[in-house]
Amino acid sequence: MSLDLRNTHAEDEGTVLQKRVDRRRALGILLGGAAVGAQALSACSPVAPVSDEEREAKLLQWQEYVKKNYRFMSDEERVDTIARLERLANIKHNVDVRIQATPAQPGVMFGYAFNISKCKGYRACVEACINENNLDRRAGTQYIRIFEMEGEEVNLDEADATFQHEVPAEGHFYMGTQCFQCADPPCVKVCPVGATWQEPDGITVIDYDWCIGCRYCMAACPYWARRFNWAAPEVPAAELNPNQHYLGNRARKKGVVEKCTFCIHRTRQGRLPACAEACPTGARVFGNLLDPNSEIRWVLEHKRIFRLKEDLKTEPRFWYFTD
Amino acid sequence: MSRATIASTLGIVCALVSCNADQSDEVRALPAAHEADSTALAIDTMAVGRPGGARAPDTTDHIQPGQLRTVATAPVMNWTGPGGKPFEVQIRTEDPATANARRFGTITLRNSARRRSPDLGQYPCTSCHLGRGMVLRDARIKDAHQNIKPDHPAQTGATCATCHAADNVELLALRNGERATLDHAYRVCAQCHFSQAESWAGGAHGKRLDGWQGRRVVMGCADCHDPHKPAIESRTPFRAPQLKRPPYRRP
C-alpha cells in the first residue's frame, strides 16, 4: 500500500520536474500539498482541533484558487470545479445546490422586447429576479430598475426609479432597464483579465472566480447594468435558489462584479427568464432572434421600436416598443 | 524531521487526496442537455458523484424545450401566430385550482393576474343552472352574480346577453351567431378589440407560458382582464431599490 502511494508521489513529482504541466497547475499541486501538510500538522497538535469537513473545505478552496478561466477548462475540469463548488456550499452553508454548465443551444440568439405601454410599475419582475438569481438581500442588489416617467417623452434624467406609491400613477409611464446583452459590449472590451465575455447565444457572462474586482466594466457600461459586491452576498438558506449555473446565479464572492444573464440557467433550457415569467402585464417578450417565427421577431417587425442610447453603437439586444 | 521526510510526507498526503478525488468523481456521465449535436460541451452536473449520496429528482431540472407541459391547453381558433403558425391558449375552466397551483421554480406569482382562477367561484355554471336559467341550490342564490358590476358592457349599453348565450349559460355568443366556450373568450373580445387581438396573436400583447421554446401557449384575454371590468387596477409595487445610482455629473 505504502509502496503504491510512494510510486504515485514519484510520478507526480516527475511530472512537475519535467514541466509537462503548466505553471498554474504546478502551483496548485504544491499549494494543495502544503495546505494538507499544514492541516495534518495542526490536526496532531491538541491546541487547534480541526474537523474533517473543515479540512476538506480548506483543500477544496486551495484547488479552487488555482483553477483555470472557465472558457479554457476541459469538460473534466468543469465537472471537477462544479463538484467542488457544490461540496463547498454543502460544507459551509449546509445547502444542496445544483450548478449547471449547460452550453448555448446552436442557432439561438436571445433577444428581449419591453412594452412601455403595458408596464405598470408593479416591480414583480424585480422581486422574481432577486429570488431567482440569489441577489444580495443585505445590500439590496437589483439587476432591474423600473423608471417612472411623466408625460409621453422618454427622459431618463427626470425619471424616478425609487417610486413607492400606488401604481400606475395617473399621467405616468414605466420603463424597465437591466443588462441589454449588447452585441458590441463595451464592458467586455475593457476587462483586463478576460473574466467577462459574450457567449454564442449573445449572453454576456462573468467568471466570478476570474474577476479581480477592478470595476472597469462598470465604468464602461453606459446603462449601469453591472453591480459590485462590496461584501459577500447574503441570502437566507430558505430562500436560496438551488438551481444554478456556473456563469449565472451561483454564489458570488466579495469583491466581484455581477450582472443580469437573461437567467442563463433557465433560458438555455427553453424556459423564460424569471422577469418575463413573473410579469403580470405581459410587457416582457423574450425569444430567439434567429427564429423568423418567434414572438420577438414579430414584435420587431410590426411594432414601433427603439433602443436606449442607440448612438453609442453598443447594439443592445433589448428593444422597447409601444402598442 | 529532515526536509526530505517532510517533503515525502506531503507527497503521500497529496497522493492520498488525489486518490480520493478520483474516487468521488468516478460517476461521470455526459448526456445531451438538449439536442444530439450539442453533446460536445454538454455537462450533466446532476450525475457528478457526491459524498452526500444521490440527489432527490427535481422536475424543474433539465426540461426539454417545449416539453414543460405544465398548462392544460386548447388550440386557438381563427387566429394564427407569427409565421402563420397555430398556437394554444391555456385552459382555466376545467380545473382552476390546479392551474393556479403552478409554481415556477422558486418563484410564486403572488401578485400575478393569474390569481383570478379561484375567483371563478361560480364555475361550473351547472352547479346552479340546469338548462335554461333553472336554479338548483337555493343557498347560492344570494351571492349569485351580485358581485358582478358590468362596467365594461355598460359603457356600450350592452347587457348580459351581449356576450353570454341566452339559451345556454355555459357558452358565449358571437355576433355572427356562433357559440364559444369560456376558454375561447378571446373570440368574443376580438369582435371589437381587433388591433389588440392582432397583437395578442403575434405575441406583443398578452403573456406566453411554458417557456420561449417549443409549443407556444399564451394566456387568454380573461386571464388578465376581468371581462366585466377589464381595466387593470392600481396597487402598491414591490419595494423600491435600496441601491441607488450616484447622480451623474458632466465633467
# chains A, B, ... in the order shown; residues from 1 in each chain; ligands from 1

call {"tool": "residues_around", "arguments": {"residues": "Val167 of chain A", "least_positions_apart": "2", "cutoff": "6 Å", "atoms": "only C-alpha atoms", "output": "list in words"}}
result
Ala169 of chain A; Ser234 and Arg235 of chain B

call {"tool": "residues_around", "arguments": {"residues": "Phe318 of chain A", "least_positions_apart": "3", "cutoff": "6 Å", "atoms": "only C-alpha atoms", "output": "NGL selection string"}}
result
:A and (112-113 or 180)

call {"tool": "residues_around", "arguments": {"residues": "Thr267 of chain A", "least_positions_apart": "6", "cutoff": "10 Å", "atoms": "only C-alpha atoms", "output": "ChimeraX atom specification"}}
result
/A:104-105,110,261,273-274,286-287 /B:65,211-213

call {"tool": "atom_distance", "arguments": {"atom1": "atom CA of Tyr174 of chain A", "atom2": "atom CA of Val299 of chain A"}}
result
18.8 Å

call {"tool": "select_by_dssp", "arguments": {"residues": "segment 156-302 of chain A", "states": "strand (DSSP E)", "output": "list in words"}}
result
His172, Phe173, Tyr174, Met175, Gly176, Thr177, Thr196, Trp197, Gln198, Thr204, Val205, Ile206, Arg226, Arg227, Phe228, Asn243, Gln244, His245, Val257, Glu258, Lys259, Arg284, Val285, Phe286, Gly287 and Asn288 of chain A

call {"tool": "write_last_selection", "arguments": {"atoms": "C-alpha atoms", "output": "PDB file, in the first residue's frame"}}
result
ATOM      1  CA  HIS A 172     -47.046  58.423 -15.990  1.00  0.00           C
ATOM      2  CA  PHE A 173     -45.479  55.541 -17.844  1.00  0.00           C
ATOM      3  CA  TYR A 174     -42.882  52.986 -16.821  1.00  0.00           C
ATOM      4  CA  MET A 175     -39.738  51.697 -18.431  1.00  0.00           C
ATOM      5  CA  GLY A 176     -37.502  48.924 -17.132  1.00  0.00           C
ATOM      6  CA  THR A 177     -33.768  48.609 -17.640  1.00  0.00           C
ATOM      7  CA  THR A 196     -16.239  38.559 -18.875  1.00  0.00           C
ATOM      8  CA  TRP A 197     -17.159  37.559 -22.400  1.00  0.00           C
ATOM      9  CA  GLN A 198     -20.031  37.059 -24.794  1.00  0.00           C
ATOM     10  CA  THR A 204     -22.506  38.357 -21.734  1.00  0.00           C
ATOM     11  CA  VAL A 205     -21.338  36.357 -18.730  1.00  0.00           C
ATOM     12  CA  ILE A 206     -18.792  36.689 -15.942  1.00  0.00           C
ATOM     13  CA  ARG A 226     -23.427  45.813 -13.551  1.00  0.00           C
ATOM     14  CA  ARG A 227     -23.333  45.500  -9.779  1.00  0.00           C
ATOM     15  CA  PHE A 228     -20.354  45.202  -7.463  1.00  0.00           C
ATOM     16  CA  ASN A 243     -30.977  25.616  -9.482  1.00  0.00           C
ATOM     17  CA  GLN A 244     -27.820  27.450 -10.548  1.00  0.00           C
ATOM     18  CA  HIS A 245     -25.498  27.951 -13.475  1.00  0.00           C
ATOM     19  CA  VAL A 257     -18.913  42.120 -10.346  1.00  0.00           C
ATOM     20  CA  GLU A 258     -22.207  40.525 -11.312  1.00  0.00           C
ATOM     21  CA  LYS A 259     -24.989  41.261 -13.772  1.00  0.00           C
ATOM     22  CA  ARG A 284     -41.903  41.469 -21.481  1.00  0.00           C
ATOM     23  CA  VAL A 285     -41.318  39.469 -24.657  1.00  0.00           C
ATOM     24  CA  PHE A 286     -38.387  37.080 -24.845  1.00  0.00           C
ATOM     25  CA  GLY A 287     -37.262  34.794 -27.607  1.00  0.00           C
ATOM     26  CA  ASN A 288     -34.864  33.661 -30.269  1.00  0.00           C
TER      27      ASN A 288
END

call {"tool": "closest_residue", "arguments": {"among": "A:Lys254, A:Lys313, A:Lys68, A:Arg138", "to": "chain B", "atoms": "only C-alpha atoms"}}
result
A:Arg138

call {"tool": "residues_around", "arguments": {"residues": "Cys221 of chain A", "least_positions_apart": "6", "cutoff": "9 Å", "atoms": "only C-alpha atoms", "output": "ChimeraX atom specification"}}
result
/A:185-187

call {"tool": "write_last_selection", "arguments": {"atoms": "C-alpha atoms", "output": "JSON list (two decimals), in the first residue's frame"}}
result
[["chain", "number", "residue", "atom", "x", "y", "z"],
["A", 185, "PRO", "CA", -20.37, 45.13, -25.35],
["A", 186, "PRO", "CA", -18.02, 47.83, -24.03],
["A", 187, "CYS", "CA", -17.75, 46.01, -20.71]]

call {"tool": "residues_around", "arguments": {"residues": "Glu158 of chain A", "least_positions_apart": "5", "cutoff": "12 Å", "atoms": "only C-alpha atoms", "output": "list of chain:residue names"}}
result
A:Phe147, A:Glu148, A:Met149, A:Glu150, A:Gly151, A:Glu153, B:Pro247

call {"tool": "atom_distance", "arguments": {"atom1": "atom CA of Cys275 of chain A", "atom2": "atom CA of Lys189 of chain A"}}
result
27.5 Å

call {"tool": "residues_around", "arguments": {"residues": "segment 81-86 of chain B", "least_positions_apart": "5", "cutoff": "8 Å", "atoms": "only C-alpha atoms", "output": "PyMOL selection string"}}
result
(chain A and resi 292-295+298) or (chain B and resi 75-76+201-203)

call {"tool": "select_by_dssp", "arguments": {"residues": "segment 21-266 of chain A", "states": "helix (DSSP H, G or I)", "output": "number ranges by chain"}}
result
A: 23-44, 52-65, 70-72, 75-93, 124-132, 186-190, 216-220, 237-239, 264-266

call {"tool": "closest_residue", "arguments": {"among": "A:Arg271, A:Arg304, A:Arg317, A:Lys67", "to": "chain B", "atoms": "only C-alpha atoms"}}
result
A:Arg271

call {"tool": "residues_around", "arguments": {"residues": "Asn229 of chain A", "least_positions_apart": "4", "cutoff": "12 Å", "atoms": "only C-alpha atoms", "output": "VMD selection string"}}
result
(chain A and resid 135 to 142 208 211 to 215 218 233 to 234 251 to 259) or (chain B and resid 243)

call {"tool": "write_last_selection", "arguments": {"atoms": "N, CA and C atoms", "output": "JSON list (two decimals), in the first residue's frame"}}
result
[["chain", "number", "residue", "atom", "x", "y", "z"],
["A", 135, "LEU", "N", -29.76, 37.23, -5.36],
["A", 135, "LEU", "CA", -29.13, 38.53, -5.20],
["A", 135, "LEU", "C", -28.98, 38.87, -3.71],
["A", 136, "ASP", "N", -27.98, 39.66, -3.43],
["A", 136, "ASP", "CA", -27.64, 40.00, -2.05],
["A", 136, "ASP", "C", -28.81, 40.72, -1.38],
["A", 137, "ARG", "N", -29.38, 40.07, -0.36],
["A", 137, "ARG", "CA", -30.52, 40.66, 0.33],
["A", 137, "ARG", "C", -30.08, 41.82, 1.21],
["A", 138, "ARG", "N", -28.86, 41.73, 1.73],
["A", 138, "ARG", "CA", -28.42, 42.74, 2.68],
["A", 138, "ARG", "C", -28.16, 44.08, 1.98],
["A", 139, "ALA", "N", -27.44, 44.03, 0.86],
["A", 139, "ALA", "CA", -27.16, 45.27, 0.13],
["A", 139, "ALA", "C", -28.36, 45.70, -0.70],
["A", 140, "GLY", "N", -29.33, 44.81, -0.88],
["A", 140, "GLY", "CA", -30.49, 45.15, -1.69],
["A", 140, "GLY", "C", -30.15, 45.25, -3.17],
["A", 141, "THR", "N", -29.28, 44.38, -3.64],
["A", 141, "THR", "CA", -28.88, 44.42, -5.05],
["A", 141, "THR", "C", -30.07, 44.11, -5.96],
["A", 142, "GLN", "N", -30.18, 44.87, -7.04],
["A", 142, "GLN", "CA", -31.21, 44.60, -8.04],
["A", 142, "GLN", "C", -30.58, 44.77, -9.42],
["A", 208, "TYR", "N", -16.97, 34.46, -12.12],
["A", 208, "TYR", "CA", -16.80, 35.15, -10.83],
["A", 208, "TYR", "C", -15.47, 34.79, -10.16],
["A", 211, "CYS", "N", -12.76, 37.15, -11.96],
["A", 211, "CYS", "CA", -12.90, 38.60, -11.82],
["A", 211, "CYS", "C", -11.99, 39.09, -10.69],
["A", 212, "ILE", "N", -11.28, 40.20, -10.97],
["A", 212, "ILE", "CA", -10.40, 40.75, -9.94],
["A", 212, "ILE", "C", -11.02, 41.97, -9.26],
["A", 213, "GLY", "N", -12.23, 42.32, -9.68],
["A", 213, "GLY", "CA", -12.94, 43.41, -9.00],
["A", 213, "GLY", "C", -12.42, 44.80, -9.30],
["A", 214, "CYS", "N", -11.85, 45.00, -10.49],
["A", 214, "CYS", "CA", -11.32, 46.32, -10.83],
["A", 214, "CYS", "C", -12.43, 47.30, -11.20],
["A", 215, "ARG", "N", -13.57, 46.77, -11.61],
["A", 215, "ARG", "CA", -14.77, 47.56, -11.92],
["A", 215, "ARG", "C", -14.60, 48.44, -13.16],
["A", 218, "MET", "N", -17.84, 48.22, -15.04],
["A", 218, "MET", "CA", -18.93, 49.05, -14.54],
["A", 218, "MET", "C", -18.80, 50.48, -15.07],
["A", 233, "PRO", "N", -22.27, 38.38, -0.73],
["A", 233, "PRO", "CA", -23.73, 38.44, -0.75],
["A", 233, "PRO", "C", -24.35, 37.52, 0.31],
["A", 234, "GLU", "N", -25.43, 37.98, 0.90],
["A", 234, "GLU", "CA", -26.12, 37.19, 1.91],
["A", 234, "GLU", "C", -27.52, 36.84, 1.42],
["A", 251, "ALA", "N", -23.19, 31.17, -6.30],
["A", 251, "ALA", "CA", -22.75, 32.07, -5.23],
["A", 251, "ALA", "C", -21.62, 32.97, -5.70],
["A", 252, "ARG", "N", -21.79, 34.26, -5.47],
["A", 252, "ARG", "CA", -20.73, 35.22, -5.78],
["A", 252, "ARG", "C", -19.90, 35.45, -4.53],
["A", 253, "LYS", "N", -18.74, 36.06, -4.74],
["A", 253, "LYS", "CA", -17.84, 36.33, -3.63],
["A", 253, "LYS", "C", -17.79, 37.82, -3.36],
["A", 254, "LYS", "N", -17.15, 38.17, -2.30],
["A", 254, "LYS", "CA", -16.88, 39.59, -2.04],
["A", 254, "LYS", "C", -15.90, 40.10, -3.08],
["A", 255, "GLY", "N", -16.16, 41.30, -3.59],
["A", 255, "GLY", "CA", -15.20, 41.93, -4.49],
["A", 255, "GLY", "C", -15.28, 41.50, -5.94],
["A", 256, "VAL", "N", -16.41, 40.95, -6.37],
["A", 256, "VAL", "CA", -16.55, 40.63, -7.79],
["A", 256, "VAL", "C", -17.80, 41.32, -8.34],
["A", 257, "VAL", "N", -17.81, 41.45, -9.67],
["A", 257, "VAL", "CA", -18.91, 42.12, -10.35],
["A", 257, "VAL", "C", -19.91, 41.07, -10.81],
["A", 258, "GLU", "N", -21.18, 41.42, -10.79],
["A", 258, "GLU", "CA", -22.21, 40.52, -11.31],
["A", 258, "GLU", "C", -23.21, 41.32, -12.14],
["A", 259, "LYS", "N", -24.04, 40.59, -12.89],
["A", 259, "LYS", "CA", -24.99, 41.26, -13.77],
["A", 259, "LYS", "C", -26.07, 40.29, -14.19],
["B", 243, "LEU", "N", -30.45, 50.24, -3.50],
["B", 243, "LEU", "CA", -29.18, 50.58, -4.12],
["B", 243, "LEU", "C", -29.44, 51.68, -5.13]]
